[in-house]
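> Take this structure first; my questions come after.
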Amino acid sequence: MAFFNSQALALAPFSPSKLGTLGRCGLQMHYKYVQKIKEYSIPKDLKVEVDDSAAKLGTALHRTSELMHEGKSLKDSVKQSIKEGKVSDDVALEVEMYKNTVASFQSRLAAFKKGFKISIEHREIELAVDGDLSPCSYWDSSAVMRGKADCILISADGKTAIVIDLKSSKRATLAYAQDQLDFYSLMVFSNFPKVETIKNGLFFLKHGRMMWSNQLLKRGAWDGSELISKINSLSEEFIGNMMPEISTSPLCNYCIYKGLCEKERSDRKTGP
């Protein structure tokens with residue numbers, strides 16, 4: 001059965017972040033995933049300084065949680081994540097500020113596992129599916145969807161999976177991450193054939209707050225068709241455009257291609 005159209009297959013593999021970029025801005029998609037322009041290769045006169053502190057904070061907090069899961073103390077986990085991330089002093093202070101919410105997540109996760117008879121915990125697990133939604137290696141050339149899940153819990157009987165994504169966003173809302181939750185849920189059903197039910201949610205590291213999706217996904221009743229349809233339609237629209245569509249938003253201030261984009265907009269206005 002063909003799940004993905006030719007345009008989606010041409011743009012594959014998709015990750016949650018790549019899908020988000022495709023839906024947000026065609027030009028950024030073109031620069032990042034088609035031309036594969038790296039920051040170091042952008043001409044000096046078109047380079048812009050972007051504030052990447054939020055991204056580095058999120059990475060450091062994720063890494064702290066991962067290290068605690070591996071058995072390191074909170075203090076050592078924080079120290080190592082700051083060192084590995086090569087973060088600024090300001091970001092290091094924020095990591096220290098939010099370290100207790102990371103510790104809270106770990107303790108709450110331990111209690112949850114005990115209370116609900118969770119036997120398997122996967123952290124930062126790499127999952128991928130091919131065009132038939134069959135499991136494949138993360139780096140396999142046939143991979144159409146792939147991603148690294150923050151936390152997947154499997155019940156003792158193997159029939160229930162809990163998918164949790166860690167967020168360092170200031171706003172605690174499920175809305176903006178729904179595609180990401182659906183993305184991982186679809187890959188869990190494909191990669192864990194015994195799983196019959198999936199519950200997913202987000203843990204916000206800055207708030208120490210867990211938010212569960214209202215939807216309980218059942219194998220057979222939920223097949224990820226809306227997500228697949230979105231991938232197909234966005235891919236078709238992107239490839240069908242003569243020129244990549246430019247979309248502006250506050251997120252432009254964090255885009256390394258901002259200088260290139262401004263030049264592109266100027267060139268389109270003046271024409272050949």
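Labels for the structure tokens follow display order: chains A, B, ..., residues from 1 in each chain, ligands from 1.
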As a ChimeraX atom specification, please: the residues near stretch 71-88 of chain A (cut-off 12 Å, only C-alpha atoms, same-chain neighbours under 2 positions excluded).
/A:51-69,90-107
> Which polymer residues have any atom within 8 Å of an atom of A:Leu127, counting only C-alpha atoms, with same-chain residues fewer than 6 positions away left out, as a ChimeraX atom specification?
/A:135-138,146-149,187-188,191
> Have a look at atom CA of A:Ser213 and atom CA of A:Asn200 and let me know their distance in Å, one decimal.
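Atom-to-atom, atom CA of A:Ser213 to atom CA of A:Asn200, that is 5.8 Å.
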> Find the residues around stretch 156-159 of chain A up to 8 Å (only C-alpha atoms counted), leave out those fewer than 2 positions away in its own chain, and share them as a PDB file with C-alpha atoms, in the first residue's frame.

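Written file, part_37.pdb:
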ATOM      1  CA  LYS A 117       3.969  -1.728  36.104  1.00  0.00           C
ATOM      2  CA  ILE A 118       6.270  -0.342  33.433  1.00  0.00           C
ATOM      3  CA  SER A 119       9.013  -2.822  32.625  1.00  0.00           C
ATOM      4  CA  ILE A 120      10.886  -1.093  29.785  1.00  0.00           C
ATOM      5  CA  ILE A 154       6.391   0.006  27.681  1.00  0.00           C
ATOM      6  CA  ALA A 161       3.201   2.482  25.430  1.00  0.00           C
ATOM      7  CA  LYS A 194       2.635  -5.836  20.401  1.00  0.00           C
ATOM      8  CA  VAL A 195       1.601  -2.331  21.473  1.00  0.00           C
ATOM      9  CA  GLU A 196      -2.170  -1.905  21.267  1.00  0.00           C
ATOM     10  CA  THR A 197      -2.614   1.413  23.086  1.00  0.00           C
TER      11      THR A 197
END
> Enumerate the residues of stretch 46-239 of chain A with a DSSP assignment of strand (DSSP E or B), computed from the backbone, and present them as a VMD selection string.
chain A and resid 118 to 129 135 145 to 155 160 to 167 197 to 204 209 to 212 217 to 219 222
> Using only N, CA and C atoms, please write the residues we just selected to a file, as a compact mmCIF listing (two decimals), in the first residue's frame.

# COMPACT_ATOMS: atom_id res chain seq x y z
N ILE A 118 5.49 -0.57 34.65
CA ILE A 118 6.27 -0.34 33.43
C ILE A 118 7.56 -1.14 33.54
N SER A 119 7.82 -1.97 32.55
CA SER A 119 9.01 -2.82 32.62
C SER A 119 10.17 -2.33 31.75
N ILE A 120 9.85 -1.54 30.72
CA ILE A 120 10.89 -1.09 29.79
C ILE A 120 10.83 0.42 29.64
N GLU A 121 11.99 1.05 29.69
CA GLU A 121 12.09 2.50 29.47
C GLU A 121 13.14 2.75 28.40
N HIS A 122 12.72 3.40 27.33
CA HIS A 122 13.64 3.78 26.26
C HIS A 122 13.86 5.29 26.33
N ARG A 123 15.12 5.71 26.34
CA ARG A 123 15.44 7.14 26.33
C ARG A 123 16.28 7.44 25.10
N GLU A 124 15.91 8.52 24.40
CA GLU A 124 16.64 8.94 23.20
C GLU A 124 16.76 7.78 22.20
N ILE A 125 15.66 7.05 22.04
CA ILE A 125 15.67 5.91 21.14
C ILE A 125 15.43 6.36 19.70
N GLU A 126 16.20 5.82 18.76
CA GLU A 126 16.07 6.15 17.35
C GLU A 126 15.07 5.21 16.70
N LEU A 127 14.04 5.79 16.07
CA LEU A 127 13.00 5.02 15.41
C LEU A 127 12.87 5.50 13.96
N ALA A 128 12.52 4.58 13.07
CA ALA A 128 12.34 4.96 11.66
C ALA A 128 11.38 3.98 11.00
N VAL A 129 10.69 4.48 9.96
CA VAL A 129 9.82 3.63 9.14
C VAL A 129 10.06 3.97 7.67
N PRO A 135 9.17 -0.97 9.96
CA PRO A 135 10.37 -0.53 10.68
C PRO A 135 11.62 -0.67 9.82
N MET A 145 10.23 8.33 7.49
CA MET A 145 10.03 9.06 8.75
C MET A 145 11.03 8.53 9.76
N ARG A 146 11.68 9.43 10.48
CA ARG A 146 12.61 8.99 11.51
C ARG A 146 12.72 10.07 12.58
N GLY A 147 13.01 9.64 13.80
CA GLY A 147 13.15 10.59 14.89
C GLY A 147 13.74 9.93 16.11
N LYS A 148 14.20 10.76 17.01
CA LYS A 148 14.78 10.28 18.26
C LYS A 148 13.84 10.68 19.40
N ALA A 149 13.16 9.70 19.98
CA ALA A 149 12.16 9.96 21.01
C ALA A 149 12.81 10.18 22.37
N ASP A 150 12.34 11.18 23.10
CA ASP A 150 12.91 11.48 24.41
C ASP A 150 12.68 10.35 25.40
N CYS A 151 11.44 9.87 25.48
CA CYS A 151 11.12 8.83 26.48
C CYS A 151 9.93 7.99 26.02
N ILE A 152 10.14 6.68 25.97
CA ILE A 152 9.06 5.75 25.66
C ILE A 152 9.04 4.68 26.74
N LEU A 153 7.90 4.51 27.36
CA LEU A 153 7.71 3.50 28.40
C LEU A 153 6.82 2.40 27.86
N ILE A 154 7.18 1.16 28.13
CA ILE A 154 6.39 0.01 27.68
C ILE A 154 5.95 -0.80 28.90
N SER A 155 4.67 -1.14 28.94
CA SER A 155 4.12 -1.90 30.06
C SER A 155 4.69 -3.31 30.08
N THR A 160 0.92 -1.67 26.14
CA THR A 160 0.70 -0.24 26.31
C THR A 160 2.01 0.52 26.25
N ALA A 161 2.01 1.62 25.53
CA ALA A 161 3.20 2.48 25.43
C ALA A 161 2.84 3.89 25.89
N ILE A 162 3.77 4.50 26.62
CA ILE A 162 3.64 5.89 27.05
C ILE A 162 4.74 6.67 26.33
N VAL A 163 4.35 7.67 25.56
CA VAL A 163 5.32 8.49 24.81
C VAL A 163 5.37 9.88 25.44
N ILE A 164 6.54 10.26 25.93
CA ILE A 164 6.70 11.55 26.60
C ILE A 164 7.80 12.35 25.91
N ASP A 165 7.47 13.57 25.53
CA ASP A 165 8.47 14.45 24.93
C ASP A 165 8.77 15.58 25.91
N LEU A 166 10.05 15.86 26.11
CA LEU A 166 10.47 16.92 27.03
C LEU A 166 10.55 18.23 26.29
N LYS A 167 9.99 19.29 26.89
CA LYS A 167 9.98 20.61 26.27
C LYS A 167 10.57 21.65 27.22
N THR A 197 -2.12 0.11 22.63
CA THR A 197 -2.61 1.41 23.09
C THR A 197 -1.45 2.35 23.37
N ILE A 198 -1.60 3.61 22.98
CA ILE A 198 -0.58 4.62 23.25
C ILE A 198 -1.19 5.82 23.95
N LYS A 199 -0.54 6.24 25.01
CA LYS A 199 -0.87 7.49 25.69
C LYS A 199 0.33 8.40 25.54
N ASN A 200 0.14 9.62 25.07
CA ASN A 200 1.28 10.50 24.91
C ASN A 200 1.08 11.85 25.57
N GLY A 201 2.18 12.54 25.83
CA GLY A 201 2.10 13.83 26.48
C GLY A 201 3.44 14.54 26.51
N LEU A 202 3.44 15.73 27.08
CA LEU A 202 4.62 16.58 27.15
C LEU A 202 4.94 16.91 28.60
N PHE A 203 6.24 16.94 28.91
CA PHE A 203 6.68 17.43 30.22
C PHE A 203 7.46 18.72 29.99
N PHE A 204 6.98 19.80 30.60
CA PHE A 204 7.60 21.11 30.42
C PHE A 204 8.62 21.36 31.52
N ARG A 209 5.80 20.69 34.75
CA ARG A 209 4.40 20.32 34.52
C ARG A 209 4.26 19.26 33.43
N MET A 210 3.45 18.26 33.72
CA MET A 210 3.14 17.21 32.76
C MET A 210 1.77 17.48 32.16
N MET A 211 1.68 17.44 30.82
CA MET A 211 0.40 17.61 30.14
C MET A 211 0.15 16.40 29.25
N TRP A 212 -0.96 15.72 29.51
CA TRP A 212 -1.30 14.52 28.75
C TRP A 212 -2.26 14.86 27.62
N LEU A 217 -4.75 6.54 21.97
CA LEU A 217 -4.65 5.97 20.63
C LEU A 217 -4.73 4.45 20.67
N LYS A 218 -5.61 3.91 19.85
CA LYS A 218 -5.81 2.46 19.78
C LYS A 218 -5.38 1.96 18.40
N ARG A 219 -4.59 0.89 18.40
CA ARG A 219 -4.18 0.29 17.12
C ARG A 219 -5.43 -0.12 16.33
N TRP A 222 -6.75 4.19 15.20
CA TRP A 222 -5.92 5.34 14.84
C TRP A 222 -4.77 4.85 13.99
> With only C-alpha atoms counted and 12 Å as the cut-off, give the residues of stretch 24-67 of chain A in contact with stretch 8-13 of chain A, each with its shortest interatomic distance in Å and the pair that gives it, as JSON lines.

{"residue": "A:Met29", "atom": "CA", "partner": "A:Leu11", "partner_atom": "CA", "distance": 10.0}
{"residue": "A:His30", "atom": "CA", "partner": "A:Leu11", "partner_atom": "CA", "distance": 10.3}
{"residue": "A:Lys32", "atom": "CA", "partner": "A:Leu11", "partner_atom": "CA", "distance": 11.8}
{"residue": "A:Tyr33", "atom": "CA", "partner": "A:Leu11", "partner_atom": "CA", "distance": 8.2}
{"residue": "A:Val34", "atom": "CA", "partner": "A:Leu11", "partner_atom": "CA", "distance": 8.0}
{"residue": "A:Gln35", "atom": "CA", "partner": "A:Leu11", "partner_atom": "CA", "distance": 11.8}
> May I ask which of the residues A:Glu70, A:Ala143, A:Ala110, A:Ser185 is the closest one to A:Leu216, counting only C-alpha atoms?
A:Ser185
> Atom CA of A:Pro16 to atom CA of A:Ile246: how many Å, to one decimal?
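These two atoms are separated by 20.2 Å.
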> Quick one: residues within 12 Å of A:Tyr254, only C-alpha atoms, excluding same-chain residues fewer than 2 positions away - as a list in words?
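Answer for this query is Gln28, Val48, Glu49, Val50, Asp51, Asp52, Ser53, Ala54, Ala55, Thr248, Ser249, Pro250, Leu251, Cys252, Ile256, Tyr257, Lys258 and Gly259 of chain A.
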> Any idea what's packed within 7 Å of A:Gly26, counting only C-alpha atoms, ignoring anything in its chain fewer than 6 positions away? Could you give it as a ChimeraX atom specification?
/A:238,244-246
